[in-house]
file coords-v3.pdb (PDB, C-alpha atoms)
ATOM      1  CA  MET A   1      18.107 -24.657 -18.332
ATOM      2  CA  SER A   2      16.234 -23.499 -15.229
ATOM      3  CA  ILE A   3      15.146 -19.885 -15.617
ATOM      4  CA  SER A   4      12.713 -17.377 -14.161
ATOM      5  CA  ALA A   5      11.922 -14.761 -16.763
ATOM      6  CA  SER A   6       9.360 -12.982 -18.903
ATOM      7  CA  GLN A   7       9.489 -13.145 -22.675
ATOM      8  CA  TRP A   8       7.860 -11.098 -25.407
ATOM      9  CA  GLY A   9       7.758 -11.525 -29.176
ATOM     10  CA  SER A  10       8.838 -14.389 -31.399
ATOM     11  CA  PRO A  11      12.027 -16.400 -30.694
ATOM     12  CA  THR A  12      12.610 -16.316 -34.453
ATOM     13  CA  ALA A  13      12.741 -12.502 -34.538
ATOM     14  CA  SER A  14      15.800 -11.045 -36.261
ATOM     15  CA  ARG A  15      16.966  -9.171 -33.159
ATOM     16  CA  ARG A  16      17.172 -10.021 -29.459
ATOM     17  CA  ALA A  17      17.097  -7.871 -26.322
ATOM     18  CA  LEU A  18      17.940  -8.719 -22.706
ATOM     19  CA  LEU A  19      16.455  -6.508 -19.966
ATOM     20  CA  ILE A  20      17.875  -6.429 -16.416
ATOM     21  CA  HIS A  21      15.601  -4.945 -13.748
ATOM     22  CA  GLY A  22      16.568  -3.043 -10.613
ATOM     23  CA  MET A  23      16.215  -3.739  -6.908
ATOM     24  CA  THR A  24      12.686  -4.517  -5.588
ATOM     25  CA  MET A  25      11.465  -4.901  -9.162
ATOM     26  CA  SER A  26      10.738  -7.867 -11.415
ATOM     27  CA  SER A  27      10.863  -8.831 -15.068
ATOM     28  CA  GLN A  28       7.313  -7.520 -15.481
ATOM     29  CA  SER A  29       8.517  -3.976 -14.821
ATOM     30  CA  TRP A  30       9.796  -3.982 -18.418
ATOM     31  CA  GLU A  31       6.388  -4.552 -20.020
ATOM     32  CA  GLY A  32       6.147  -1.116 -21.653
ATOM     33  CA  VAL A  33       9.674  -1.118 -23.068
ATOM     34  CA  ALA A  34       9.348  -4.760 -24.130
ATOM     35  CA  GLN A  35       6.243  -4.019 -26.181
ATOM     36  CA  LEU A  36       8.050  -1.185 -27.963
ATOM     37  CA  LEU A  37      10.970  -3.503 -28.706
ATOM     38  CA  VAL A  38       8.695  -6.237 -30.063
ATOM     39  CA  ALA A  39       7.049  -3.685 -32.359
ATOM     40  CA  ASP A  40      10.563  -2.880 -33.586
ATOM     41  CA  GLY A  41      11.322  -6.503 -34.473
ATOM     42  CA  PHE A  42      12.882  -7.839 -31.257
ATOM     43  CA  PHE A  43      12.513 -11.007 -29.256
ATOM     44  CA  VAL A  44      12.765  -9.812 -25.647
ATOM     45  CA  VAL A  45      13.887 -11.674 -22.522
ATOM     46  CA  ALA A  46      13.813 -10.213 -19.015
ATOM     47  CA  PRO A  47      15.182 -12.444 -16.213
ATOM     48  CA  ASN A  48      14.099 -12.197 -12.599
ATOM     49  CA  LEU A  49      17.203 -11.542 -10.530
ATOM     50  CA  LEU A  50      18.020 -13.485  -7.383
ATOM     51  CA  GLY A  51      16.094 -12.034  -4.448
ATOM     52  CA  HIS A  52      13.183 -11.038  -6.670
ATOM     53  CA  ALA A  53       9.981 -12.646  -7.984
ATOM     54  CA  TRP A  54      10.083 -15.167  -5.112
ATOM     55  CA  ARG A  55      13.662 -16.216  -5.954
ATOM     56  CA  ARG A  56      15.726 -16.732  -2.803
ATOM     57  CA  SER A  57      19.460 -16.823  -2.165
ATOM     58  CA  THR A  58      22.028 -16.259   0.553
ATOM     59  CA  ASP A  59      24.594 -14.787  -1.832
ATOM     60  CA  TYR A  60      23.501 -11.395  -3.142
ATOM     61  CA  ARG A  61      26.832 -10.180  -4.417
ATOM     62  CA  VAL A  62      26.582  -8.579  -7.853
ATOM     63  CA  SER A  63      29.102 -11.102  -9.192
ATOM     64  CA  ASN A  64      26.928 -14.023  -8.060
ATOM     65  CA  ILE A  65      23.738 -12.470  -9.408
ATOM     66  CA  ALA A  66      25.461 -12.056 -12.768
ATOM     67  CA  GLU A  67      26.759 -15.643 -12.658
ATOM     68  CA  ASP A  68      23.182 -16.814 -12.079
ATOM     69  CA  LEU A  69      22.350 -15.271 -15.483
ATOM     70  CA  ARG A  70      25.044 -17.199 -17.366
ATOM     71  CA  PRO A  71      22.444 -19.695 -18.724
ATOM     72  CA  TYR A  72      21.048 -16.843 -20.834
ATOM     73  CA  PHE A  73      24.305 -16.921 -22.808
ATOM     74  CA  VAL A  74      24.713 -20.660 -23.367
ATOM     75  CA  MET A  75      25.605 -22.015 -26.804
ATOM     76  CA  GLY A  76      26.717 -18.617 -28.010
ATOM     77  CA  THR A  77      23.380 -16.905 -27.364
ATOM     78  CA  SER A  78      23.841 -13.219 -28.114
ATOM     79  CA  TYR A  79      21.820 -10.021 -27.863
ATOM     80  CA  ASP A  80      21.703  -6.936 -30.006
ATOM     81  CA  VAL A  81      20.647  -4.824 -27.036
ATOM     82  CA  ILE A  82      21.046  -5.223 -23.268
ATOM     83  CA  ILE A  83      19.339  -2.727 -20.951
ATOM     84  CA  GLY A  84      19.909  -2.442 -17.200
ATOM     85  CA  HIS A  85      18.159  -0.165 -14.711
ATOM     86  CA  SER A  86      19.585   1.073 -11.391
ATOM     87  CA  PHE A  87      20.930  -2.008  -9.515
ATOM     88  CA  GLY A  88      20.608  -3.776 -12.850
ATOM     89  CA  GLY A  89      23.346  -1.452 -14.125
ATOM     90  CA  PRO A  90      26.317  -3.086 -12.349
ATOM     91  CA  VAL A  91      24.731  -6.501 -12.972
ATOM     92  CA  THR A  92      24.589  -5.706 -16.702
ATOM     93  CA  LEU A  93      28.217  -4.581 -16.739
ATOM     94  CA  SER A  94      29.167  -7.843 -15.001
ATOM     95  CA  LEU A  95      27.613  -9.723 -17.938
ATOM     96  CA  LEU A  96      30.007  -8.244 -20.512
ATOM     97  CA  PRO A  97      32.530 -11.125 -20.199
ATOM     98  CA  PHE A  98      29.729 -13.537 -21.185
ATOM     99  CA  LEU A  99      29.145 -11.813 -24.528
ATOM    100  CA  PRO A 100      30.407 -13.263 -27.813
ATOM    101  CA  LYS A 101      33.596 -11.484 -28.870
ATOM    102  CA  THR A 102      32.432 -10.541 -32.374
ATOM    103  CA  LYS A 103      28.733  -9.700 -32.004
ATOM    104  CA  GLU A 104      28.061  -5.951 -31.939
ATOM    105  CA  THR A 105      26.048  -5.198 -28.814
ATOM    106  CA  THR A 106      24.421  -1.987 -27.617
ATOM    107  CA  VAL A 107      24.259  -1.660 -23.829
ATOM    108  CA  ILE A 108      21.939   0.958 -22.330
ATOM    109  CA  LEU A 109      22.196   1.739 -18.619
ATOM    110  CA  LEU A 110      19.382   3.662 -16.938
ATOM    111  CA  ASP A 111      20.508   5.534 -13.821
ATOM    112  CA  PRO A 112      23.030   2.776 -12.982
ATOM    113  CA  ALA A 113      23.926   2.403  -9.305
ATOM    114  CA  LEU A 114      27.693   2.486  -9.832
ATOM    115  CA  GLU A 115      28.898   4.178  -6.652
ATOM    116  CA  LEU A 116      27.299   4.452  -3.212
ATOM    117  CA  THR A 117      28.850   6.025  -0.130
ATOM    118  CA  GLU A 118      28.264   4.464   3.287
ATOM    119  CA  GLU A 119      25.726   7.198   3.994
ATOM    120  CA  LYS A 120      23.806   6.480   0.788
ATOM    121  CA  ILE A 121      23.875   2.752   1.548
ATOM    122  CA  LYS A 122      22.280   3.404   4.934
ATOM    123  CA  ILE A 123      19.629   5.657   3.383
ATOM    124  CA  ASN A 124      18.812   3.235   0.574
ATOM    125  CA  THR A 125      18.735   0.258   2.930
ATOM    126  CA  GLN A 126      16.141   1.991   5.069
ATOM    127  CA  LEU A 127      14.130   2.978   1.998
ATOM    128  CA  VAL A 128      13.963  -0.643   0.860
ATOM    129  CA  VAL A 129      13.082  -1.882   4.364
ATOM    130  CA  ASN A 130      10.248   0.654   4.526
ATOM    131  CA  GLU A 131       9.022  -0.183   1.021
ATOM    132  CA  ILE A 132       8.799  -3.900   1.781
ATOM    133  CA  ALA A 133       7.227  -3.386   5.219
ATOM    134  CA  ASN A 134       4.680  -0.824   4.007
ATOM    135  CA  ILE A 135       3.665  -1.774   0.484
ATOM    136  CA  ARG A 136       1.744   1.029  -1.169
ATOM    137  CA  THR A 137      -1.187   0.534  -3.509
ATOM    138  CA  PRO A 138      -1.094   1.220  -7.258
ATOM    139  CA  GLU A 139      -3.319   4.219  -6.620
ATOM    140  CA  GLU A 140      -0.793   5.688  -4.179
ATOM    141  CA  HIS A 141       1.997   5.241  -6.731
ATOM    142  CA  MET A 142      -0.148   6.884  -9.419
ATOM    143  CA  ALA A 143      -0.823   9.883  -7.191
ATOM    144  CA  GLU A 144       2.901  10.269  -6.475
ATOM    145  CA  ASN A 145       4.013   9.601 -10.059
ATOM    146  CA  PRO A 146       1.515  11.062 -12.531
ATOM    147  CA  ALA A 147       3.757  10.189 -15.497
ATOM    148  CA  TRP A 148       3.451   6.462 -14.741
ATOM    149  CA  SER A 149       0.744   4.337 -16.314
ATOM    150  CA  ARG A 150      -1.517   2.204 -14.147
ATOM    151  CA  ARG A 151       0.255  -0.855 -15.565
ATOM    152  CA  ASP A 152       3.596   0.510 -14.367
ATOM    153  CA  CYS A 153       2.215   1.218 -10.900
ATOM    154  CA  ILE A 154       0.845  -2.317 -10.624
ATOM    155  CA  SER A 155       4.172  -3.812 -11.723
ATOM    156  CA  ARG A 156       5.926  -1.675  -9.104
ATOM    157  CA  VAL A 157       3.685  -3.083  -6.377
ATOM    158  CA  LEU A 158       4.177  -6.643  -7.638
ATOM    159  CA  GLY A 159       7.937  -6.202  -7.647
ATOM    160  CA  ILE A 160       8.031  -5.093  -4.033
ATOM    161  CA  THR A 161       5.538  -7.775  -2.956
ATOM    162  CA  MET A 162       7.640 -10.588  -4.475
ATOM    163  CA  CYS A 163      10.974  -9.255  -3.188
ATOM    164  CA  ASP A 164      12.861 -11.337  -0.629
ATOM    165  CA  ARG A 165      12.925  -9.439   2.659
ATOM    166  CA  ALA A 166      16.512 -10.615   3.063
ATOM    167  CA  ALA A 167      17.415  -8.907  -0.214
ATOM    168  CA  ILE A 168      18.572  -5.867   1.751
ATOM    169  CA  GLU A 169      21.688  -8.011   2.204
ATOM    170  CA  MET A 170      22.559  -6.781  -1.297
ATOM    171  CA  PHE A 171      23.742  -3.552   0.272
ATOM    172  CA  ARG A 172      25.899  -5.157   2.966
ATOM    173  CA  GLN A 173      27.318  -7.901   0.750
ATOM    174  CA  ASN A 174      28.354  -5.408  -1.937
ATOM    175  CA  THR A 175      30.050  -2.954   0.436
ATOM    176  CA  PRO A 176      32.168  -1.057  -0.450
ATOM    177  CA  TRP A 177      29.745  -0.272  -3.272
ATOM    178  CA  SER A 178      31.978   0.661  -6.195
ATOM    179  CA  PHE A 179      31.286  -0.593  -9.715
ATOM    180  CA  SER A 180      32.373   2.274 -11.962
ATOM    181  CA  GLY A 181      35.559   0.321 -12.691
ATOM    182  CA  LEU A 182      33.468  -2.166 -14.673
ATOM    183  CA  ILE A 183      32.788   0.497 -17.268
ATOM    184  CA  LYS A 184      36.434   1.322 -18.007
ATOM    185  CA  ASN A 185      37.334  -1.703 -20.143
ATOM    186  CA  ILE A 186      34.576  -1.924 -22.709
ATOM    187  CA  PRO A 187      35.034  -4.712 -25.285
ATOM    188  CA  PRO A 188      35.581  -3.362 -28.818
ATOM    189  CA  ASN A 189      32.295  -4.877 -30.025
ATOM    190  CA  VAL A 190      30.239  -3.187 -27.296
ATOM    191  CA  LYS A 191      28.876   0.353 -27.172
ATOM    192  CA  ILE A 192      27.501   1.693 -23.884
ATOM    193  CA  THR A 193      25.043   4.540 -23.454
ATOM    194  CA  VAL A 194      24.104   5.808 -20.006
ATOM    195  CA  LEU A 195      20.780   7.598 -19.662
ATOM    196  CA  VAL A 196      20.826   9.735 -16.534
ATOM    197  CA  SER A 197      17.804  11.231 -14.813
ATOM    198  CA  ASP A 198      17.686  14.934 -14.023
ATOM    199  CA  PRO A 199      20.718  15.889 -11.835
ATOM    200  CA  GLN A 200      18.315  17.426  -9.329
ATOM    201  CA  TYR A 201      17.457  13.844  -8.328
ATOM    202  CA  ASN A 202      20.933  12.277  -8.246
ATOM    203  CA  ASP A 203      24.667  12.693  -8.898
ATOM    204  CA  ILE A 204      25.123   9.639 -11.134
ATOM    205  CA  LEU A 205      26.800  11.689 -13.855
ATOM    206  CA  GLU A 206      29.704  12.362 -11.488
ATOM    207  CA  ASP A 207      30.257   8.606 -11.056
ATOM    208  CA  LEU A 208      30.902   7.945 -14.740
ATOM    209  CA  PRO A 209      34.552   7.525 -15.809
ATOM    210  CA  ARG A 210      35.824  10.220 -18.152
ATOM    211  CA  ASP A 211      37.453   9.722 -21.554
ATOM    212  CA  VAL A 212      36.236   6.162 -22.051
ATOM    213  CA  GLU A 213      35.840   5.116 -25.667
ATOM    214  CA  LYS A 214      32.480   3.697 -26.714
ATOM    215  CA  LEU A 215      30.795   5.315 -23.686
ATOM    216  CA  ASN A 216      28.175   8.005 -24.153
ATOM    217  CA  ALA A 217      26.039   9.710 -21.533
ATOM    218  CA  ARG A 218      22.806  11.620 -21.961
ATOM    219  CA  VAL A 219      21.024  13.617 -19.274
ATOM    220  CA  LEU A 220      17.217  13.584 -19.359
ATOM    221  CA  THR A 221      16.111  16.932 -17.970
ATOM    222  CA  GLY A 222      12.939  16.772 -15.922
ATOM    223  CA  ILE A 223      12.897  12.955 -15.846
ATOM    224  CA  GLY A 224      13.168  10.959 -12.633
ATOM    225  CA  HIS A 225      14.847   7.667 -11.732
ATOM    226  CA  TRP A 226      12.203   5.480 -13.396
ATOM    227  CA  ILE A 227      13.218   6.320 -16.944
ATOM    228  CA  GLN A 228      11.572   3.223 -18.437
ATOM    229  CA  TYR A 229       8.232   4.412 -17.019
ATOM    230  CA  GLU A 230       8.537   8.143 -17.654
ATOM    231  CA  LEU A 231      10.310   8.329 -21.018
ATOM    232  CA  PRO A 232      10.627   4.907 -22.689
ATOM    233  CA  GLN A 233      11.116   6.527 -26.084
ATOM    234  CA  ALA A 234      14.470   7.880 -24.883
ATOM    235  CA  ILE A 235      15.585   4.258 -24.569
ATOM    236  CA  MET A 236      14.337   3.376 -28.038
ATOM    237  CA  ASP A 237      16.158   6.377 -29.506
ATOM    238  CA  GLU A 238      19.492   4.845 -28.417
ATOM    239  CA  ILE A 239      18.936   1.551 -30.249
ATOM    240  CA  PRO A 240      20.634   1.396 -33.659
ATOM    241  CA  LEU A 241      18.519   0.590 -36.676
ATOM    242  CA  PRO A 242      19.068  -2.848 -38.171
ATOM    243  CA  ARG A 243      21.624  -2.776 -40.941
ATOM    244  CA  ALA A 244      18.955  -3.331 -43.601
ATOM    245  CA  LYS A 245      17.366  -0.009 -42.614
ATOM    246  CA  LEU A 246      20.567   2.015 -42.524
TER     247      LEU A 246
END
call {"tool": "encode", "arguments": {"input": "coords-v3.pdb", "output": "structure tokens"}}
result
Amino acid sequence: MSISASQWGSPTASRRALLIHGMTMSSQSWEGVAQLLVADGFFVVAPNLLGHAWRRSTDYRVSNIAEDLRPYFVMGTSYDVIIGHSFGGPVTLSLLPFLPKTKETTVILLDPALELTEEKIKINTQLVVNEIANIRTPEEHMAENPAWSRRDCISRVLGITMCDRAAIEMFRQNTPWSFSGLIKNIPPNVKITVLVSDPQYNDILEDLPRDVEKLNARVLTGIGHWIQYELPQAIMDEIPLPRAKL
């Protein structure tokens, strides 16, 4: 199996977690959350998505990026927890068909990018172009985001540095950008929790389907888009205890 990923903990751990990063990030952006998971008895795997960490492609459709992750599910490999951030949200939802049909799995989506209007696509495209063309230093990120650790700021810079400049094709190739439909048919063995940053920063809550079983949403007042940096404990709070501790 050819993979590009970061791993934490022991492969013989009793529980497994799969972490899916967002656009212009990398597997290393999960370091803080991964360490918390390892301390809680997990073996943690975080793949580098196509277009990131020096990985190149010409096909940046969400469906193809998810298909590229199929090797992480070979031979019935399963995960107790799967976490996806931002662009990693629709990628995570596209992985649900790969899951074993009987294994109980907790899926946690952090500010998932489920719906984008043409205007938002244009704005976000320009933001990414500017980020890649004018890479800021860790110190600049720390000044702008006082809740981030220096480690998080460094991983942010690394993610942008290693991002394929052609990755902005993700916006064009996934237009119209509409992935909320992926959340409507949740397998019976899967529970999904969506952690949403403060509504003053986004309108993600409005994009979530209503009256969907096994779907819960929680708004984090005062917390921005980078939930895994600002409030990682909120993620840990959504992970069920192992049965032996119940």
call {"tool": "residues_around", "arguments": {"input": "coords-v3.pdb", "residues": "stretch 113-126 of chain A", "least_positions_apart": "3", "cutoff": "10 Å", "atoms": "all atoms listed in the file", "output": "number ranges by chain"}}
result
A: 22, 85-91, 93, 109-110, 129-132, 167-172, 174-183, 203-204, 206-208
call {"tool": "atom_distance", "arguments": {"input": "coords-v3.pdb", "atom1": "atom CA of A:Val44", "atom2": "atom CA of A:Thr77"}}
result
12.9 Å
call {"tool": "residues_around", "arguments": {"input": "coords-v3.pdb", "residues": "A:Arg16", "least_positions_apart": "3", "cutoff": "7 Å", "atoms": "only C-alpha atoms", "output": "number ranges by chain"}}
result
A: 42-44, 79-81
call {"tool": "closest_residue", "arguments": {"input": "coords-v3.pdb", "among": "A:Leu99, A:Ile65, A:Val74, A:Ile223", "to": "A:Pro188", "atoms": "only C-alpha atoms"}}
result
A:Leu99
call {"tool": "resolve_selection", "arguments": {"input": "coords-v3.pdb", "expression": "the PyMOL selection byres ((chain A and resi 212) around 9)", "output": "number ranges by chain"}}
result
A: 183-186, 209-211, 213-216
call {"tool": "write_last_selection", "arguments": {"input": "coords-v3.pdb", "atoms": "C-alpha atoms", "output": "mmCIF file, in the frame of the given file"}}
result
data_model
loop_
_atom_site.group_PDB
_atom_site.id
_atom_site.type_symbol
_atom_site.label_atom_id
_atom_site.label_comp_id
_atom_site.auth_asym_id
_atom_site.auth_seq_id
_atom_site.Cartn_x
_atom_site.Cartn_y
_atom_site.Cartn_z
ATOM 1 C CA ILE A 183 32.788 0.497 -17.268
ATOM 2 C CA LYS A 184 36.434 1.322 -18.007
ATOM 3 C CA ASN A 185 37.334 -1.703 -20.143
ATOM 4 C CA ILE A 186 34.576 -1.924 -22.709
ATOM 5 C CA PRO A 209 34.552 7.525 -15.809
ATOM 6 C CA ARG A 210 35.824 10.220 -18.152
ATOM 7 C CA ASP A 211 37.453 9.722 -21.554
ATOM 8 C CA GLU A 213 35.840 5.116 -25.667
ATOM 9 C CA LYS A 214 32.480 3.697 -26.714
ATOM 10 C CA LEU A 215 30.795 5.315 -23.686
ATOM 11 C CA ASN A 216 28.175 8.005 -24.153
#
call {"tool": "atom_distance", "arguments": {"input": "coords-v3.pdb", "atom1": "atom CA of A:Met236", "atom2": "atom CA of A:Ile3"}}
result
26.4 Å
call {"tool": "atom_distance", "arguments": {"input": "coords-v3.pdb", "atom1": "atom CA of A:Leu95", "atom2": "atom CA of A:Asp68"}}
result
10.2 Å
call {"tool": "closest_residue", "arguments": {"input": "coords-v3.pdb", "among": "A:Pro232, A:Pro47, A:Gly76, A:Gly224", "to": "A:Asn145", "atoms": "all atoms listed in the file"}}
result
A:Gly224
call {"tool": "resolve_selection", "arguments": {"input": "coords-v3.pdb", "expression": "the PyMOL selection byres ((chain A and resi 40) around 10)", "output": "ChimeraX atom specification"}}
result
/A:13,15,34-39,41-43,236,241-242
call {"tool": "write_last_selection", "arguments": {"input": "coords-v3.pdb", "atoms": "C-alpha atoms", "output": "PDB file, in the coordinates of the input"}}
result
ATOM      1  CA  ALA A  13      12.741 -12.502 -34.538  1.00  0.00           C
ATOM      2  CA  ARG A  15      16.966  -9.171 -33.159  1.00  0.00           C
ATOM      3  CA  ALA A  34       9.348  -4.760 -24.130  1.00  0.00           C
ATOM      4  CA  GLN A  35       6.243  -4.019 -26.181  1.00  0.00           C
ATOM      5  CA  LEU A  36       8.050  -1.185 -27.963  1.00  0.00           C
ATOM      6  CA  LEU A  37      10.970  -3.503 -28.706  1.00  0.00           C
ATOM      7  CA  VAL A  38       8.695  -6.237 -30.063  1.00  0.00           C
ATOM      8  CA  ALA A  39       7.049  -3.685 -32.359  1.00  0.00           C
ATOM      9  CA  GLY A  41      11.322  -6.503 -34.473  1.00  0.00           C
ATOM     10  CA  PHE A  42      12.882  -7.839 -31.257  1.00  0.00           C
ATOM     11  CA  PHE A  43      12.513 -11.007 -29.256  1.00  0.00           C
ATOM     12  CA  MET A 236      14.337   3.376 -28.038  1.00  0.00           C
ATOM     13  CA  LEU A 241      18.519   0.590 -36.676  1.00  0.00           C
ATOM     14  CA  PRO A 242      19.068  -2.848 -38.171  1.00  0.00           C
TER      15      PRO A 242
END
call {"tool": "resolve_selection", "arguments": {"input": "coords-v3.pdb", "expression": "the PyMOL selection byres ((chain A and resi 222) around 12)", "output": "number ranges by chain"}}
result
A: 147, 196-202, 219-221, 223-227, 230-231
call {"tool": "closest_residue", "arguments": {"input": "coords-v3.pdb", "among": "A:Val194, A:Ala66, A:Leu96, A:Met25", "to": "A:Trp54", "atoms": "only C-alpha atoms"}}
result
A:Met25
call {"tool": "residues_around", "arguments": {"input": "coords-v3.pdb", "residues": "A:Lys103", "least_positions_apart": "2", "cutoff": "8 Å", "atoms": "all atoms listed in the file", "output": "PyMOL selection string"}}
result
chain A and resi 78+80+99-101+105+189
call {"tool": "residues_around", "arguments": {"input": "coords-v3.pdb", "residues": "A:Asp152", "least_positions_apart": "3", "cutoff": "9 Å", "atoms": "all atoms listed in the file", "output": "PDB file with C-alpha atoms, in the coordinates of the input"}}
result
ATOM      1  CA  GLN A  28       7.313  -7.520 -15.481  1.00  0.00           C
ATOM      2  CA  SER A  29       8.517  -3.976 -14.821  1.00  0.00           C
ATOM      3  CA  TRP A  30       9.796  -3.982 -18.418  1.00  0.00           C
ATOM      4  CA  GLU A  31       6.388  -4.552 -20.020  1.00  0.00           C
ATOM      5  CA  GLY A  32       6.147  -1.116 -21.653  1.00  0.00           C
ATOM      6  CA  PRO A 138      -1.094   1.220  -7.258  1.00  0.00           C
ATOM      7  CA  MET A 142      -0.148   6.884  -9.419  1.00  0.00           C
ATOM      8  CA  TRP A 148       3.451   6.462 -14.741  1.00  0.00           C
ATOM      9  CA  SER A 149       0.744   4.337 -16.314  1.00  0.00           C
ATOM     10  CA  SER A 155       4.172  -3.812 -11.723  1.00  0.00           C
ATOM     11  CA  ARG A 156       5.926  -1.675  -9.104  1.00  0.00           C
ATOM     12  CA  VAL A 157       3.685  -3.083  -6.377  1.00  0.00           C
ATOM     13  CA  TYR A 229       8.232   4.412 -17.019  1.00  0.00           C
TER      14      TYR A 229
END
call {"tool": "closest_residue", "arguments": {"input": "coords-v3.pdb", "among": "A:Ala166, A:Leu18, A:Ile83, A:Ala133", "to": "A:Ser57", "atoms": "all atoms listed in the file"}}
result
A:Ala166
call {"tool": "axis_aligned_box", "arguments": {"input": "coords-v3.pdb", "around": "stretch 43-47 of chain A", "padding_each_side": "6 Å", "output": "JSON"}}
result
{"center_x": 13.8, "center_y": -11.1, "center_z": -22.7, "size_x": 14.7, "size_y": 14.6, "size_z": 25.0}
call {"tool": "residues_around", "arguments": {"input": "coords-v3.pdb", "residues": "A:Thr24", "least_positions_apart": "4", "cutoff": "7 Å", "atoms": "all atoms listed in the file", "output": "PDB file with C-alpha atoms, in the coordinates of the input"}}
result
ATOM      1  CA  HIS A  52      13.183 -11.038  -6.670  1.00  0.00           C
ATOM      2  CA  GLY A 159       7.937  -6.202  -7.647  1.00  0.00           C
ATOM      3  CA  ILE A 160       8.031  -5.093  -4.033  1.00  0.00           C
ATOM      4  CA  CYS A 163      10.974  -9.255  -3.188  1.00  0.00           C
TER       5      CYS A 163
END
call {"tool": "closest_residue", "arguments": {"input": "coords-v3.pdb", "among": "A:Leu195, A:Ala46, A:Ala53, A:Met23", "to": "A:Leu127", "atoms": "all atoms listed in the file"}}
result
A:Met23
call {"tool": "build_atoms", "arguments": {"input": "coords-v3.pdb", "residues": "stretch 115-120 of chain A", "atoms": "all heavy atoms", "output": "PDB file, keeping the file's coordinate frame"}}
result
ATOM      1  N   GLU A 115      28.158   3.813  -7.861  1.00  0.00           N
ATOM      2  CA  GLU A 115      28.898   4.178  -6.652  1.00  0.00           C
ATOM      3  C   GLU A 115      27.928   4.594  -5.552  1.00  0.00           C
ATOM      4  O   GLU A 115      27.013   5.390  -5.805  1.00  0.00           O
ATOM      5  CB  GLU A 115      29.861   5.341  -6.940  1.00  0.00           C
ATOM      6  CG  GLU A 115      30.896   5.063  -8.017  1.00  0.00           C
ATOM      7  CD  GLU A 115      31.996   4.124  -7.553  1.00  0.00           C
ATOM      8  OE1 GLU A 115      32.251   4.047  -6.327  1.00  0.00           O
ATOM      9  OE2 GLU A 115      32.602   3.453  -8.416  1.00  0.00           O
ATOM     10  N   LEU A 116      28.112   4.054  -4.361  1.00  0.00           N
ATOM     11  CA  LEU A 116      27.299   4.452  -3.212  1.00  0.00           C
ATOM     12  C   LEU A 116      28.208   4.640  -1.999  1.00  0.00           C
ATOM     13  O   LEU A 116      28.985   3.753  -1.660  1.00  0.00           O
ATOM     14  CB  LEU A 116      26.241   3.392  -2.884  1.00  0.00           C
ATOM     15  CG  LEU A 116      25.072   3.214  -3.860  1.00  0.00           C
ATOM     16  CD1 LEU A 116      24.160   2.093  -3.375  1.00  0.00           C
ATOM     17  CD2 LEU A 116      24.291   4.504  -4.027  1.00  0.00           C
ATOM     18  N   THR A 117      28.112   5.794  -1.369  1.00  0.00           N
ATOM     19  CA  THR A 117      28.850   6.025  -0.130  1.00  0.00           C
ATOM     20  C   THR A 117      28.174   5.257   1.006  1.00  0.00           C
ATOM     21  O   THR A 117      27.044   4.773   0.862  1.00  0.00           O
ATOM     22  CB  THR A 117      28.857   7.522   0.221  1.00  0.00           C
ATOM     23  OG1 THR A 117      27.495   7.957   0.455  1.00  0.00           O
ATOM     24  CG2 THR A 117      29.448   8.344  -0.920  1.00  0.00           C
ATOM     25  N   GLU A 118      28.858   5.150   2.131  1.00  0.00           N
ATOM     26  CA  GLU A 118      28.264   4.464   3.287  1.00  0.00           C
ATOM     27  C   GLU A 118      26.965   5.139   3.704  1.00  0.00           C
ATOM     28  O   GLU A 118      25.997   4.468   4.083  1.00  0.00           O
ATOM     29  CB  GLU A 118      29.255   4.457   4.455  1.00  0.00           C
ATOM     30  CG  GLU A 118      30.440   3.520   4.249  1.00  0.00           C
ATOM     31  CD  GLU A 118      31.295   3.395   5.490  1.00  0.00           C
ATOM     32  OE1 GLU A 118      30.822   3.809   6.577  1.00  0.00           O
ATOM     33  OE2 GLU A 118      32.421   2.901   5.389  1.00  0.00           O
ATOM     34  N   GLU A 119      26.943   6.464   3.616  1.00  0.00           N
ATOM     35  CA  GLU A 119      25.726   7.198   3.994  1.00  0.00           C
ATOM     36  C   GLU A 119      24.573   6.854   3.056  1.00  0.00           C
ATOM     37  O   GLU A 119      23.439   6.614   3.495  1.00  0.00           O
ATOM     38  CB  GLU A 119      25.989   8.703   3.953  1.00  0.00           C
ATOM     39  CG  GLU A 119      24.769   9.534   4.343  1.00  0.00           C
ATOM     40  CD  GLU A 119      25.039  11.021   4.268  1.00  0.00           C
ATOM     41  OE1 GLU A 119      26.168  11.409   3.924  1.00  0.00           O
ATOM     42  OE2 GLU A 119      24.112  11.800   4.552  1.00  0.00           O
ATOM     43  N   LYS A 120      24.858   6.802   1.749  1.00  0.00           N
ATOM     44  CA  LYS A 120      23.806   6.480   0.788  1.00  0.00           C
ATOM     45  C   LYS A 120      23.336   5.041   0.958  1.00  0.00           C
ATOM     46  O   LYS A 120      22.154   4.743   0.769  1.00  0.00           O
ATOM     47  CB  LYS A 120      24.314   6.700  -0.632  1.00  0.00           C
ATOM     48  CG  LYS A 120      24.434   8.171  -1.021  1.00  0.00           C
ATOM     49  CD  LYS A 120      24.875   8.311  -2.469  1.00  0.00           C
ATOM     50  CE  LYS A 120      24.975   9.772  -2.865  1.00  0.00           C
ATOM     51  NZ  LYS A 120      25.430   9.929  -4.271  1.00  0.00           N
TER      52      LYS A 120
END
